Structures are given as structure tokens and as C-alpha cells.
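Worksheet for the structure shown next.
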Amino acid sequence: MTTAILQTTYFGPVQWYQKLHRYDRCLIEQHDSYQKQTYRNRCIIATASGVQALTVPVEHSSNKTLVKDLRISDHNQWRRVHWNALQSAYSESPFFEYYADDIRPFFEKRYTFLVDFNETIRQTVCQLIDICPNVEYTTEYVQEHPHDYRNTIHAKHPQPDSDFESRPYWQVFQRRHGFLSNLSILDLLFCVGPESIFYL
């Protein structure tokens, strides 16, 4: 059985979901320390002016705060901002309206902890793209692992890891920007819909 270790993600990139789909088992780390500019609380979408990062504000007392203890902040009406950004970016995509009722509730309901919010997102997205990964959460910090993607799948360094197989698909702003690899899973979902699984 092959096992990958991943960080929790907020509408994670395509490569993150590719790992969920291709490994027999995925461990999601929740006992590491909080770091800024990661996919834990950030997703990357395509817009008319280029890529845009959507960040969930979190409350943390220090950089030693464990991910499992991160609370979501209600700062700056981020839910409304994120949903408006998604509508603006993807309203012309083939499947935005088809999936809007599944995705909109994440910007209406309040969650206390980031890991709970992200896990509910993961479960919903996996159902929508029709994958059933074997996912577990760590009970303690994992020091080393042969298939460790915690730091290679990282928003601060958005280049995909060497194991990622990028499969181009039609994108809303492709004529303007060319194909943008490894955006949020939402880009894939809104652009190709039920065929998303074939790109993982």
C-alpha cells in the first residue's frame, strides 16, 4: 500500500487531488506548525487579469500554533469576497452554474476550525469529481515519510512537484494567459465538470 502525506488545503490545487486519487492512502498532517502563504488557507484561481490568491484569514498566537488549532477569523467579510471572486472568474465557465449550489454553502456557513472547514470541502469535492480516497488525519507529527508532499505542494512555491502529471484542459482565460497549470481544483471542476476525474 502506497501512502502519501499531505497538508490540509482550502480548495487545494489539482496536484493535491491527484495525490488523493493515485495513492492507496493519504495522511493529512494536522500537527505541524502554522506557516503563512500555504494552501492550508489559500487557493489560486484564474481571473481576467491573471492568477489570484484567495486567503482564508486565521487566528494564531504565534508561528508555533498547530494547524489543528487554527481558528477561522471573520475578518474583512472574506466569505463574500471569495464568492464574488469565484462568480466573476467562472460565471462564463461551462459548469459554474451546475456546481454553484454545492460550492456556495462554504461561503455562507461559519466554521470554527480551519481543518474542519477544509475537510468538509475535501469530502464535497471528492464526491463531485467521483473519487473515494482513503484519508486519515495524523495523531502526532510525522517526522519523515518517503512520499511527503507537505512542503512540495506549497502556495509560496507554486511549481508542481516532479511527480505531478499536468494534463491540459480548456480554461476560461486560456486565450489571454495560456494554459495555467495546477490552479485550484475549482478551476478544473468549473471548466470540465464530470470529466474532472480524467485529469487526475
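Letters A, B, ... go to the chains of the C-alpha cells in the order shown; residues in each chain start at 1; ligands are counted from 1 in the same order.
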Notebook entry, point to check: Could you write out, as a ChimeraX atom specification, all the residues of chain A that DSSP marks as alpha helix (DSSP H)?
Noted result: /A:14-22,78-90,96-103,114-129,174-177,185-192
Compile the contact shell of Thr139 of chain A as a CSV table (one decimal) with N, CA, C and O atoms, in the first residue's frame: residues with an atom at most 12 Å away, counting only C-alpha atoms, same-chain residues fewer than 4 positions apart removed.
chain,number,residue,atom,x,y,z
A,27,LEU,N,-2.3,10.5,4.3
A,27,LEU,CA,-2.3,11.1,5.7
A,27,LEU,C,-2.3,12.6,5.6
A,27,LEU,O,-1.4,13.1,4.9
A,28,ILE,N,-3.2,13.2,6.2
A,28,ILE,CA,-3.2,14.7,6.2
A,28,ILE,C,-2.7,15.2,7.6
A,28,ILE,O,-3.2,14.8,8.6
A,29,GLU,N,-1.6,15.9,7.5
A,29,GLU,CA,-0.9,16.4,8.7
A,29,GLU,C,-1.7,17.5,9.3
A,29,GLU,O,-2.1,18.5,8.7
A,30,GLN,N,-1.9,17.4,10.6
A,30,GLN,CA,-2.6,18.4,11.4
A,30,GLN,C,-1.8,18.9,12.6
A,30,GLN,O,-2.2,19.7,13.4
A,31,HIS,N,-0.6,18.2,12.8
A,31,HIS,CA,0.2,18.5,14.0
A,31,HIS,C,1.4,19.3,13.7
A,31,HIS,O,2.4,19.4,14.5
A,32,ASP,N,1.5,19.9,12.4
A,32,ASP,CA,2.6,20.8,12.1
A,32,ASP,C,2.3,22.2,12.5
A,32,ASP,O,1.1,22.5,12.7
A,68,LYS,N,-4.1,22.1,13.6
A,68,LYS,CA,-5.3,21.6,14.1
A,68,LYS,C,-6.0,22.6,15.0
A,68,LYS,O,-7.2,22.5,15.3
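All residues of protein, DNA or RNA that reach within 6 Å of segment 104-116 of chain A, judged by only C-alpha atoms and not counting those fewer than 3 positions away in the chain, are Leu70, Arg71, Ile72, Arg79, Ala100, Asp101 and Glu119 of chain A.
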Next item on the list: Mind giving me the straight-line distance from atom CA of Glu97 of chain A to atom CA of Val135 of chain A in Å, one decimal?
Entry: 28.9 Å
Margin query: If I take atom CA of Asp24 of chain A and atom CA of Cys43 of chain A, how far is one from the other in Å, to one decimal?
Written below: 24.9 Å
Item checked: Among listed residues A:Thr120, A:Ser33, A:Leu180, A:Asn134, nearest Thr47 of chain A (using only C-alpha atoms) ->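 So, comparing all the options, the nearest one is A:Leu180.
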